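A.B. asks: Got a file for you: my_file_37.txt, compact mmCIF, N, CA and C atoms.
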# COMPACT_ATOMS: atom_id res chain seq x y z
N GLN A 19 0.84 -1.18 0.00
CA GLN A 19 0.00 0.00 0.00
C GLN A 19 0.88 1.25 0.00
N VAL A 20 0.76 2.04 -1.04
CA VAL A 20 1.56 3.25 -1.15
C VAL A 20 1.08 4.28 -0.14
N ARG A 21 2.02 4.90 0.53
CA ARG A 21 1.72 5.92 1.54
C ARG A 21 2.49 7.19 1.17
N LEU A 22 1.78 8.33 1.21
CA LEU A 22 2.41 9.62 0.94
C LEU A 22 2.45 10.41 2.23
N VAL A 23 3.61 10.97 2.52
CA VAL A 23 3.77 11.75 3.74
C VAL A 23 4.32 13.12 3.38
N GLU A 24 3.52 14.16 3.71
CA GLU A 24 3.96 15.54 3.46
C GLU A 24 4.65 16.10 4.69
N SER A 25 5.52 17.06 4.46
CA SER A 25 6.14 17.79 5.57
C SER A 25 6.53 19.18 5.08
N GLY A 26 6.81 20.07 6.04
CA GLY A 26 7.31 21.39 5.69
C GLY A 26 6.33 22.53 5.84
N GLY A 27 5.10 22.24 6.22
CA GLY A 27 4.14 23.32 6.40
C GLY A 27 4.46 24.17 7.62
N GLY A 28 3.73 25.28 7.75
CA GLY A 28 3.95 26.13 8.91
C GLY A 28 3.31 27.49 8.75
N LEU A 29 3.64 28.37 9.67
CA LEU A 29 3.14 29.75 9.68
C LEU A 29 4.27 30.67 9.21
N VAL A 30 4.00 31.43 8.14
CA VAL A 30 5.00 32.34 7.61
C VAL A 30 4.37 33.69 7.31
N GLN A 31 5.22 34.69 7.16
CA GLN A 31 4.74 36.03 6.84
C GLN A 31 4.61 36.20 5.32
N PRO A 32 3.73 37.09 4.90
CA PRO A 32 3.61 37.37 3.46
C PRO A 32 4.94 37.78 2.85
N GLY A 33 5.18 37.31 1.63
CA GLY A 33 6.41 37.65 0.93
C GLY A 33 7.55 36.69 1.17
N THR A 34 7.39 35.79 2.12
CA THR A 34 8.46 34.84 2.42
C THR A 34 8.26 33.53 1.67
N SER A 35 9.14 32.55 1.97
CA SER A 35 9.13 31.28 1.23
C SER A 35 8.95 30.10 2.17
N LEU A 36 8.52 29.00 1.58
CA LEU A 36 8.35 27.75 2.31
C LEU A 36 8.52 26.63 1.31
N LYS A 37 9.08 25.50 1.76
CA LYS A 37 9.26 24.35 0.87
C LYS A 37 8.61 23.13 1.48
N LEU A 38 7.69 22.54 0.74
CA LEU A 38 7.01 21.32 1.16
C LEU A 38 7.67 20.11 0.51
N SER A 39 7.62 18.98 1.23
CA SER A 39 8.14 17.73 0.70
C SER A 39 7.05 16.68 0.77
N CYS A 40 7.13 15.73 -0.14
CA CYS A 40 6.18 14.62 -0.13
C CYS A 40 6.95 13.36 -0.54
N ALA A 41 6.96 12.38 0.35
CA ALA A 41 7.69 11.14 0.09
C ALA A 41 6.70 9.98 -0.03
N ALA A 42 6.91 9.17 -1.04
CA ALA A 42 6.10 7.97 -1.24
C ALA A 42 6.84 6.77 -0.68
N SER A 43 6.12 5.95 0.08
CA SER A 43 6.74 4.77 0.67
C SER A 43 5.69 3.69 0.89
N GLY A 44 6.14 2.53 1.36
CA GLY A 44 5.22 1.51 1.83
C GLY A 44 4.91 0.40 0.85
N GLY A 45 5.44 0.49 -0.38
CA GLY A 45 5.13 -0.58 -1.31
C GLY A 45 5.70 -0.29 -2.67
N PRO A 46 5.57 -1.22 -3.58
CA PRO A 46 6.04 -0.94 -4.95
C PRO A 46 5.30 0.28 -5.50
N PHE A 47 6.06 1.20 -6.07
CA PHE A 47 5.46 2.43 -6.57
C PHE A 47 6.03 2.75 -7.94
N SER A 48 5.23 2.59 -8.92
CA SER A 48 5.64 2.92 -10.29
C SER A 48 4.92 4.19 -10.70
N GLY A 49 5.26 5.27 -10.03
CA GLY A 49 4.56 6.52 -10.25
C GLY A 49 4.81 7.11 -11.62
N THR A 50 3.78 7.70 -12.18
CA THR A 50 3.92 8.42 -13.44
C THR A 50 3.87 9.92 -13.21
N ALA A 51 3.21 10.33 -12.13
CA ALA A 51 3.13 11.76 -11.83
C ALA A 51 2.81 11.96 -10.35
N MET A 52 3.26 13.09 -9.83
CA MET A 52 2.91 13.51 -8.47
C MET A 52 2.48 14.95 -8.53
N GLY A 53 1.50 15.28 -7.71
CA GLY A 53 0.96 16.63 -7.77
C GLY A 53 0.67 17.20 -6.40
N TRP A 54 0.34 18.48 -6.39
CA TRP A 54 -0.05 19.17 -5.17
C TRP A 54 -1.40 19.85 -5.38
N PHE A 55 -2.24 19.72 -4.38
CA PHE A 55 -3.52 20.39 -4.33
C PHE A 55 -3.61 21.12 -3.01
N ARG A 56 -4.55 22.06 -2.90
CA ARG A 56 -4.74 22.74 -1.63
C ARG A 56 -6.22 22.95 -1.37
N LEU A 57 -6.53 23.01 -0.08
CA LEU A 57 -7.92 23.19 0.35
C LEU A 57 -7.96 24.31 1.37
N ALA A 58 -8.62 25.39 0.98
CA ALA A 58 -8.79 26.54 1.87
C ALA A 58 -10.20 26.51 2.46
N PRO A 59 -10.40 27.11 3.61
CA PRO A 59 -11.73 27.11 4.23
C PRO A 59 -12.78 27.70 3.29
N GLY A 60 -13.88 26.97 3.15
CA GLY A 60 -14.97 27.46 2.32
C GLY A 60 -14.79 27.27 0.84
N LYS A 61 -13.70 26.61 0.44
CA LYS A 61 -13.43 26.42 -0.98
C LYS A 61 -13.27 24.94 -1.30
N GLU A 62 -13.29 24.63 -2.60
CA GLU A 62 -13.06 23.26 -3.03
C GLU A 62 -11.56 23.02 -3.17
N ARG A 63 -11.20 21.72 -3.17
CA ARG A 63 -9.79 21.38 -3.34
C ARG A 63 -9.33 21.88 -4.71
N GLU A 64 -8.20 22.57 -4.71
CA GLU A 64 -7.73 23.29 -5.89
C GLU A 64 -6.38 22.74 -6.35
N PHE A 65 -6.24 22.56 -7.65
CA PHE A 65 -4.96 22.14 -8.23
C PHE A 65 -3.92 23.24 -8.04
N VAL A 66 -2.71 22.83 -7.62
CA VAL A 66 -1.60 23.78 -7.47
C VAL A 66 -0.54 23.53 -8.53
N GLY A 67 -0.08 22.30 -8.61
CA GLY A 67 0.94 21.96 -9.59
C GLY A 67 1.15 20.47 -9.67
N ALA A 68 1.81 20.02 -10.73
CA ALA A 68 2.06 18.60 -10.91
C ALA A 68 3.34 18.40 -11.70
N SER A 69 3.93 17.24 -11.50
CA SER A 69 5.16 16.90 -12.20
C SER A 69 5.05 15.51 -12.79
N ARG A 70 5.25 15.40 -14.09
CA ARG A 70 5.41 14.09 -14.69
C ARG A 70 6.78 13.56 -14.25
N LEU A 71 6.81 12.38 -13.68
CA LEU A 71 8.05 11.85 -13.17
C LEU A 71 8.96 11.42 -14.32
N HIS A 72 10.19 11.10 -13.97
CA HIS A 72 11.21 10.66 -14.94
C HIS A 72 11.51 11.76 -15.96
N GLY A 73 11.66 12.99 -15.43
CA GLY A 73 12.09 14.08 -16.29
C GLY A 73 11.04 14.68 -17.17
N GLY A 74 9.78 14.51 -16.81
CA GLY A 74 8.70 15.02 -17.63
C GLY A 74 8.34 16.46 -17.31
N ASN A 75 7.26 16.89 -17.93
CA ASN A 75 6.82 18.28 -17.82
C ASN A 75 6.27 18.60 -16.43
N LYS A 76 6.28 19.88 -16.15
CA LYS A 76 5.67 20.40 -14.92
C LYS A 76 4.47 21.26 -15.31
N TYR A 77 3.44 21.24 -14.48
CA TYR A 77 2.24 22.02 -14.73
C TYR A 77 1.92 22.82 -13.47
N TYR A 78 1.41 24.04 -13.67
CA TYR A 78 1.10 24.91 -12.53
C TYR A 78 -0.25 25.57 -12.73
N ALA A 79 -0.92 25.84 -11.63
CA ALA A 79 -2.12 26.67 -11.67
C ALA A 79 -1.68 28.11 -11.94
N LYS A 80 -2.53 28.86 -12.60
CA LYS A 80 -2.17 30.24 -12.94
C LYS A 80 -1.94 31.08 -11.70
N SER A 81 -2.62 30.75 -10.62
CA SER A 81 -2.52 31.53 -9.39
C SER A 81 -1.15 31.41 -8.73
N VAL A 82 -0.38 30.37 -9.09
CA VAL A 82 0.92 30.16 -8.45
C VAL A 82 2.07 30.19 -9.45
N GLU A 83 1.76 30.22 -10.74
CA GLU A 83 2.81 30.18 -11.75
C GLU A 83 3.76 31.36 -11.58
N GLY A 84 5.07 31.05 -11.60
CA GLY A 84 6.08 32.08 -11.41
C GLY A 84 6.49 32.24 -9.96
N ARG A 85 5.67 31.73 -9.04
CA ARG A 85 6.01 31.83 -7.61
C ARG A 85 6.34 30.46 -7.01
N PHE A 86 5.67 29.42 -7.50
CA PHE A 86 5.87 28.06 -6.97
C PHE A 86 6.64 27.22 -7.98
N THR A 87 7.47 26.32 -7.47
CA THR A 87 8.25 25.42 -8.33
C THR A 87 8.18 24.00 -7.80
N ILE A 88 7.88 23.06 -8.68
CA ILE A 88 7.87 21.65 -8.32
C ILE A 88 9.15 20.99 -8.80
N SER A 89 9.71 20.13 -7.96
CA SER A 89 10.89 19.37 -8.36
C SER A 89 10.81 17.97 -7.77
N ASP A 90 11.63 17.05 -8.34
CA ASP A 90 11.69 15.68 -7.87
C ASP A 90 13.12 15.36 -7.42
N ASN A 91 13.24 14.36 -6.59
CA ASN A 91 14.60 13.92 -6.30
C ASN A 91 14.99 12.80 -7.26
N ASN A 92 16.20 12.29 -7.13
CA ASN A 92 16.72 11.38 -8.14
C ASN A 92 15.96 10.06 -8.24
N ASP A 93 15.49 9.56 -7.13
CA ASP A 93 14.81 8.26 -7.19
C ASP A 93 13.33 8.40 -7.56
N MET A 94 12.90 9.66 -7.74
CA MET A 94 11.54 9.93 -8.22
C MET A 94 10.44 9.52 -7.26
N ASN A 95 10.78 9.22 -6.01
CA ASN A 95 9.73 8.90 -5.04
C ASN A 95 9.43 10.06 -4.09
N THR A 96 10.08 11.20 -4.31
CA THR A 96 9.84 12.38 -3.49
C THR A 96 9.65 13.58 -4.40
N VAL A 97 8.66 14.37 -4.06
CA VAL A 97 8.40 15.59 -4.83
C VAL A 97 8.39 16.76 -3.86
N TYR A 98 8.85 17.89 -4.34
CA TYR A 98 8.94 19.08 -3.52
C TYR A 98 8.10 20.20 -4.14
N LEU A 99 7.61 21.08 -3.29
CA LEU A 99 6.91 22.27 -3.75
C LEU A 99 7.55 23.47 -3.06
N GLU A 100 8.33 24.20 -3.82
CA GLU A 100 8.96 25.40 -3.29
C GLU A 100 8.05 26.59 -3.56
N MET A 101 7.66 27.26 -2.49
CA MET A 101 6.70 28.35 -2.59
C MET A 101 7.38 29.66 -2.22
N ASN A 102 7.42 30.58 -3.15
CA ASN A 102 8.03 31.89 -2.93
C ASN A 102 6.97 32.98 -3.01
N SER A 103 7.33 34.14 -2.48
CA SER A 103 6.42 35.31 -2.50
C SER A 103 5.03 34.92 -2.02
N LEU A 104 4.98 34.26 -0.90
CA LEU A 104 3.70 33.76 -0.39
C LEU A 104 2.75 34.90 -0.05
N ARG A 105 1.47 34.63 -0.27
CA ARG A 105 0.40 35.60 -0.03
C ARG A 105 -0.60 35.03 0.97
N PRO A 106 -1.33 35.87 1.64
CA PRO A 106 -2.36 35.34 2.56
C PRO A 106 -3.33 34.39 1.87
N GLU A 107 -3.62 34.62 0.61
CA GLU A 107 -4.56 33.76 -0.11
C GLU A 107 -3.97 32.39 -0.44
N ASP A 108 -2.69 32.17 -0.16
CA ASP A 108 -2.09 30.85 -0.30
C ASP A 108 -2.35 29.98 0.93
N THR A 109 -2.92 30.56 1.96
CA THR A 109 -3.22 29.82 3.17
C THR A 109 -4.20 28.68 2.87
N ALA A 110 -3.80 27.46 3.24
CA ALA A 110 -4.62 26.28 2.95
C ALA A 110 -3.92 25.05 3.53
N VAL A 111 -4.65 23.94 3.51
CA VAL A 111 -4.02 22.64 3.74
C VAL A 111 -3.55 22.14 2.39
N TYR A 112 -2.28 21.82 2.29
CA TYR A 112 -1.68 21.36 1.04
C TYR A 112 -1.59 19.84 1.06
N TYR A 113 -2.09 19.22 -0.02
CA TYR A 113 -2.11 17.77 -0.15
C TYR A 113 -1.22 17.33 -1.31
N CYS A 114 -0.47 16.28 -1.04
CA CYS A 114 0.32 15.64 -2.08
C CYS A 114 -0.51 14.50 -2.66
N ALA A 115 -0.35 14.28 -3.96
CA ALA A 115 -1.05 13.19 -4.62
C ALA A 115 -0.12 12.49 -5.60
N ALA A 116 -0.39 11.23 -5.85
CA ALA A 116 0.43 10.46 -6.78
C ALA A 116 -0.43 9.51 -7.58
N THR A 117 0.01 9.23 -8.79
CA THR A 117 -0.69 8.29 -9.64
C THR A 117 0.29 7.37 -10.31
N GLU A 118 -0.18 6.14 -10.59
CA GLU A 118 0.62 5.16 -11.33
C GLU A 118 0.01 4.92 -12.70
N VAL A 119 -0.90 5.79 -13.08
CA VAL A 119 -1.59 5.68 -14.37
C VAL A 119 -1.02 6.71 -15.33
N GLU A 120 -0.67 6.26 -16.50
CA GLU A 120 -0.15 7.17 -17.51
C GLU A 120 -1.27 7.96 -18.14
N CYS A 121 -1.00 9.23 -18.39
CA CYS A 121 -1.98 10.09 -19.04
C CYS A 121 -1.25 10.94 -20.06
N LEU A 122 -1.81 11.06 -21.23
CA LEU A 122 -1.18 11.85 -22.28
C LEU A 122 -1.93 13.14 -22.52
N GLY A 123 -1.19 14.22 -22.73
CA GLY A 123 -1.83 15.50 -23.01
C GLY A 123 -1.60 16.52 -21.93
N SER A 124 -1.78 17.78 -22.24
CA SER A 124 -1.50 18.87 -21.30
C SER A 124 -2.57 19.04 -20.23
N ARG A 125 -3.72 18.38 -20.41
CA ARG A 125 -4.78 18.51 -19.40
C ARG A 125 -4.62 17.51 -18.27
N CYS A 126 -3.64 16.64 -18.39
CA CYS A 126 -3.48 15.56 -17.42
C CYS A 126 -3.00 16.07 -16.07
N TYR A 127 -3.39 15.31 -15.05
CA TYR A 127 -2.85 15.48 -13.70
C TYR A 127 -3.26 16.79 -13.03
N LYS A 128 -4.34 17.40 -13.47
CA LYS A 128 -4.79 18.65 -12.88
C LYS A 128 -6.11 18.51 -12.14
N ASP A 129 -6.61 17.30 -12.09
CA ASP A 129 -7.89 17.04 -11.44
C ASP A 129 -7.69 16.02 -10.33
N VAL A 130 -8.47 16.15 -9.26
CA VAL A 130 -8.32 15.22 -8.14
C VAL A 130 -8.57 13.78 -8.57
N ASN A 131 -9.40 13.59 -9.59
CA ASN A 131 -9.72 12.24 -10.06
C ASN A 131 -8.58 11.60 -10.86
N ASP A 132 -7.53 12.36 -11.13
CA ASP A 132 -6.38 11.82 -11.85
C ASP A 132 -5.44 11.06 -10.92
N TYR A 133 -5.70 11.08 -9.61
CA TYR A 133 -4.78 10.51 -8.64
C TYR A 133 -5.47 9.46 -7.78
N GLU A 134 -4.73 8.40 -7.43
CA GLU A 134 -5.29 7.37 -6.58
C GLU A 134 -4.64 7.31 -5.20
N HIS A 135 -3.54 8.03 -5.02
CA HIS A 135 -2.87 8.05 -3.72
C HIS A 135 -2.81 9.47 -3.20
N TRP A 136 -3.11 9.64 -1.91
CA TRP A 136 -3.14 10.98 -1.30
C TRP A 136 -2.44 10.98 0.05
N GLY A 137 -1.80 12.10 0.35
CA GLY A 137 -1.24 12.31 1.67
C GLY A 137 -2.27 12.86 2.63
N GLN A 138 -1.85 13.04 3.86
CA GLN A 138 -2.77 13.50 4.91
C GLN A 138 -2.91 15.01 4.95
N GLY A 139 -2.04 15.72 4.27
CA GLY A 139 -2.11 17.18 4.21
C GLY A 139 -1.20 17.85 5.22
N THR A 140 -0.74 19.04 4.87
CA THR A 140 0.06 19.85 5.77
C THR A 140 -0.42 21.30 5.69
N GLN A 141 -0.57 21.93 6.85
CA GLN A 141 -1.13 23.28 6.90
C GLN A 141 -0.07 24.31 6.56
N VAL A 142 -0.45 25.22 5.68
CA VAL A 142 0.37 26.39 5.37
C VAL A 142 -0.46 27.62 5.68
N THR A 143 0.05 28.47 6.56
CA THR A 143 -0.65 29.70 6.94
C THR A 143 0.26 30.88 6.64
N VAL A 144 -0.26 31.82 5.85
CA VAL A 144 0.49 33.01 5.49
C VAL A 144 -0.21 34.20 6.13
N SER A 145 0.45 34.77 7.12
CA SER A 145 -0.19 35.85 7.87
C SER A 145 0.87 36.71 8.53
N SER A 146 0.57 38.00 8.64
CA SER A 146 1.47 38.91 9.32
C SER A 146 1.08 39.05 10.79
Could you quickly redo this structure as structure tokens?
C.D. replies:
Amino acid sequence: QVRLVESGGGLVQPGTSLKLSCAASGGPFSGTAMGWFRLAPGKEREFVGASRLHGGNKYYAKSVEGRFTISDNNDMNTVYLEMNSLRPEDTAVYYCAATEVECLGSRCYKDVNDYEHWGQGTQVTVSS
């Protein structure tokens, strides 16, 4: 059973940076992509960004493009979300997701239904 564990959340001031990590463990994992979503109070879970593993493309929501960066480590079982120039509206619980299903096209990996594995979430609060 694949398990995703996020870390790195916390309370930060506007304009600062934070880096989240997500590690996959617990079983054979032939991941094709890993992504990040966030859930703010009163809102639906929102796509943040995704990475096709094994050197593939990265995708970002327009609200974070240019400020957030997704990267993978060498063994491709860990994904990072580096968040810069944080804003109060970035406050949310951030969830890591992973899939072992291949998807072709630029619309892939941006919907919650594209993933079968989820982490427990980590809180990010941006406030002065």
A.B. asks: In Å to one decimal, how far is atom N of A:Glu107 from atom CA of A:Asp90?
C.D. replies: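 Between atom CA of A:Asp90 and atom N of A:Glu107 the gap works out to 25.8 Å.
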A.B. asks: How far is it from atom CA of A:Arg70 to atom CA of A:Ala41, in Å with one decimal?
C.D. replies: 15.2 Å
A.B. asks: Skip A:Ala68 itself and residues of its chain fewer than 2 positions away, then list as an mmCIF file with N, CA and C atoms, in the coordinates of the input all residues within 8 Å of it, counting only C-alpha atoms.
C.D. replies:
data_model
loop_
_atom_site.group_PDB
_atom_site.id
_atom_site.type_symbol
_atom_site.label_atom_id
_atom_site.label_comp_id
_atom_site.auth_asym_id
_atom_site.auth_seq_id
_atom_site.Cartn_x
_atom_site.Cartn_y
_atom_site.Cartn_z
ATOM 1 N N ALA A 51 3.210 10.330 -12.130
ATOM 2 C CA ALA A 51 3.130 11.760 -11.830
ATOM 3 C C ALA A 51 2.810 11.960 -10.350
ATOM 4 N N MET A 52 3.260 13.090 -9.830
ATOM 5 C CA MET A 52 2.910 13.510 -8.470
ATOM 6 C C MET A 52 2.480 14.950 -8.530
ATOM 7 N N GLY A 53 1.500 15.280 -7.710
ATOM 8 C CA GLY A 53 0.960 16.630 -7.770
ATOM 9 C C GLY A 53 0.670 17.200 -6.400
ATOM 10 N N TRP A 54 0.340 18.480 -6.390
ATOM 11 C CA TRP A 54 -0.050 19.170 -5.170
ATOM 12 C C TRP A 54 -1.400 19.850 -5.380
ATOM 13 N N VAL A 66 -2.710 22.830 -7.620
ATOM 14 C CA VAL A 66 -1.600 23.780 -7.470
ATOM 15 C C VAL A 66 -0.540 23.530 -8.530
ATOM 16 N N ARG A 70 5.250 15.400 -14.090
ATOM 17 C CA ARG A 70 5.410 14.090 -14.690
ATOM 18 C C ARG A 70 6.780 13.560 -14.250
ATOM 19 N N LYS A 76 6.280 19.880 -16.150
ATOM 20 C CA LYS A 76 5.670 20.400 -14.920
ATOM 21 C C LYS A 76 4.470 21.260 -15.310
ATOM 22 N N TYR A 77 3.440 21.240 -14.480
ATOM 23 C CA TYR A 77 2.240 22.020 -14.730
ATOM 24 C C TYR A 77 1.920 22.820 -13.470
ATOM 25 N N TYR A 78 1.410 24.040 -13.670
ATOM 26 C CA TYR A 78 1.100 24.910 -12.530
ATOM 27 C C TYR A 78 -0.250 25.570 -12.730
ATOM 28 N N ILE A 88 7.880 23.060 -8.680
ATOM 29 C CA ILE A 88 7.870 21.650 -8.320
ATOM 30 C C ILE A 88 9.150 20.990 -8.800
ATOM 31 N N TYR A 127 -3.390 15.310 -15.050
ATOM 32 C CA TYR A 127 -2.850 15.480 -13.700
ATOM 33 C C TYR A 127 -3.260 16.790 -13.030
ATOM 34 N N LYS A 128 -4.340 17.400 -13.470
ATOM 35 C CA LYS A 128 -4.790 18.650 -12.880
ATOM 36 C C LYS A 128 -6.110 18.510 -12.140
#
A.B. asks: Taking (9.7, 20.0, 1.4) in the file's coordinates as the center, which residues reach within 8 Å of it, counting all atoms listed in the file, put as a PDB file with N, CA and C atoms, in the coordinates of the input?
C.D. replies:
ATOM      1  N   GLU A  24       3.520  14.160   3.710  1.00  0.00           N
ATOM      2  CA  GLU A  24       3.960  15.540   3.460  1.00  0.00           C
ATOM      3  C   GLU A  24       4.650  16.100   4.690  1.00  0.00           C
ATOM      4  N   SER A  25       5.520  17.060   4.460  1.00  0.00           N
ATOM      5  CA  SER A  25       6.140  17.790   5.570  1.00  0.00           C
ATOM      6  C   SER A  25       6.530  19.180   5.080  1.00  0.00           C
ATOM      7  N   GLY A  26       6.810  20.070   6.040  1.00  0.00           N
ATOM      8  CA  GLY A  26       7.310  21.390   5.690  1.00  0.00           C
ATOM      9  C   GLY A  26       6.330  22.530   5.840  1.00  0.00           C
ATOM     10  N   GLY A  27       5.100  22.240   6.220  1.00  0.00           N
ATOM     11  CA  GLY A  27       4.140  23.320   6.400  1.00  0.00           C
ATOM     12  C   GLY A  27       4.460  24.170   7.620  1.00  0.00           C
ATOM     13  N   LEU A  36       8.520  29.000   1.580  1.00  0.00           N
ATOM     14  CA  LEU A  36       8.350  27.750   2.310  1.00  0.00           C
ATOM     15  C   LEU A  36       8.520  26.630   1.310  1.00  0.00           C
ATOM     16  N   LYS A  37       9.080  25.500   1.760  1.00  0.00           N
ATOM     17  CA  LYS A  37       9.260  24.350   0.870  1.00  0.00           C
ATOM     18  C   LYS A  37       8.610  23.130   1.480  1.00  0.00           C
ATOM     19  N   LEU A  38       7.690  22.540   0.740  1.00  0.00           N
ATOM     20  CA  LEU A  38       7.010  21.320   1.160  1.00  0.00           C
ATOM     21  C   LEU A  38       7.670  20.110   0.510  1.00  0.00           C
ATOM     22  N   SER A  39       7.620  18.980   1.230  1.00  0.00           N
ATOM     23  CA  SER A  39       8.140  17.730   0.700  1.00  0.00           C
ATOM     24  C   SER A  39       7.050  16.680   0.770  1.00  0.00           C
ATOM     25  N   CYS A  40       7.130  15.730  -0.140  1.00  0.00           N
ATOM     26  CA  CYS A  40       6.180  14.620  -0.130  1.00  0.00           C
ATOM     27  C   CYS A  40       6.950  13.360  -0.540  1.00  0.00           C
ATOM     28  N   VAL A  97       8.660  14.370  -4.060  1.00  0.00           N
ATOM     29  CA  VAL A  97       8.400  15.590  -4.830  1.00  0.00           C
ATOM     30  C   VAL A  97       8.390  16.760  -3.860  1.00  0.00           C
ATOM     31  N   TYR A  98       8.850  17.890  -4.340  1.00  0.00           N
ATOM     32  CA  TYR A  98       8.940  19.080  -3.520  1.00  0.00           C
ATOM     33  C   TYR A  98       8.100  20.200  -4.140  1.00  0.00           C
ATOM     34  N   LEU A  99       7.610  21.080  -3.290  1.00  0.00           N
ATOM     35  CA  LEU A  99       6.910  22.270  -3.750  1.00  0.00           C
ATOM     36  C   LEU A  99       7.550  23.470  -3.060  1.00  0.00           C
ATOM     37  N   GLU A 100       8.330  24.200  -3.820  1.00  0.00           N
ATOM     38  CA  GLU A 100       8.960  25.400  -3.290  1.00  0.00           C
ATOM     39  C   GLU A 100       8.050  26.590  -3.560  1.00  0.00           C
TER      40      GLU A 100
END
A.B. asks: For a test of reading the model, state the distance in Å between atom CA of A:Ser48 and atom CA of A:Leu71, rounded to one decimal.
C.D. replies: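 Result for atom CA of A:Ser48 versus atom CA of A:Leu71: 9.7 Å, one decimal.
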A.B. asks: Using DSSP secondary structure from the backbone, list all strand (DSSP E) positions within chain A, as a PyMOL selection string.
C.D. replies: chain A and resi 21-25+28-30+36-43+51-57+64-70+76-78+86-90+96-101+110-117+135-136+140-144
A.B. asks: Using all atoms listed in the file, pick whichever of A:Gln138, A:Thr87, A:Asn102, A:Thr109 has the shortest atom-to-atom distance to A:Gly67.
C.D. replies: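 That would be A:Thr87, the residue with the smallest distance to A:Gly67.
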A.B. asks: Determine, counting all atoms listed in the file, which protein, DNA and RNA residues have an atom within 6.5 Å of an atom of A:Asp108; residues of the same chain fewer than 6 positions away are not included. Present the result as a list in words.
C.D. replies: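 With the cut-off at 6.5 Å, the set is Val142, Thr143 and Val144 of chain A.
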A.B. asks: Chain A: which residues are helix (DSSP H, G or I) by DSSP, as a ChimeraX atom specification?
C.D. replies: /A:106-108,130-132
A.B. asks: Hey, which of A:Ala58, A:Val30, A:Val20, A:Val119 ends up closest to A:His135? Count only C-alpha atoms.
C.D. replies: A:Val20
A.B. asks: Select, from A:Asn91, A:Gln19, A:Gly84, A:Asp129, the residue with the minimum atom-to-atom distance to A:Phe65, counting only N, CA and C atoms.
C.D. replies: A:Asp129
A.B. asks: Which of these residues is nearest to A:Gly73, using only C-alpha atoms: A:Cys126, A:Gly139, A:Asp93, A:Gln31?
C.D. replies: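 The closest residue to A:Gly73 is A:Asp93.
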A.B. asks: Counting only C-alpha atoms, figure out which residue out of A:Glu64, A:Glu83, A:Ser103, A:Arg21 gets nearest to A:Ser35.
C.D. replies: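 With only C-alpha atoms as the atom set, the closest residue is A:Ser103.
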A.B. asks: Closest to A:Val130 among A:Arg63, A:Phe86, A:Phe47, A:Ala79, using only N, CA and C atoms?
C.D. replies: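 Among A:Arg63, A:Phe86, A:Phe47, A:Ala79, it is A:Arg63 that comes nearest to A:Val130.
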A.B. asks: Assuming 5 Å of padding per side, give the centre and edge lengths of the axis-aligned box around every listed atom of stretch 43-62 of chain A, in Å to one decimal and as AutoDock Vina command-line options.
C.D. replies:
--center_x -4.1 --center_y 13.2 --center_z -4.6 --size_x 31.7 --size_y 38.9 --size_z 27.7
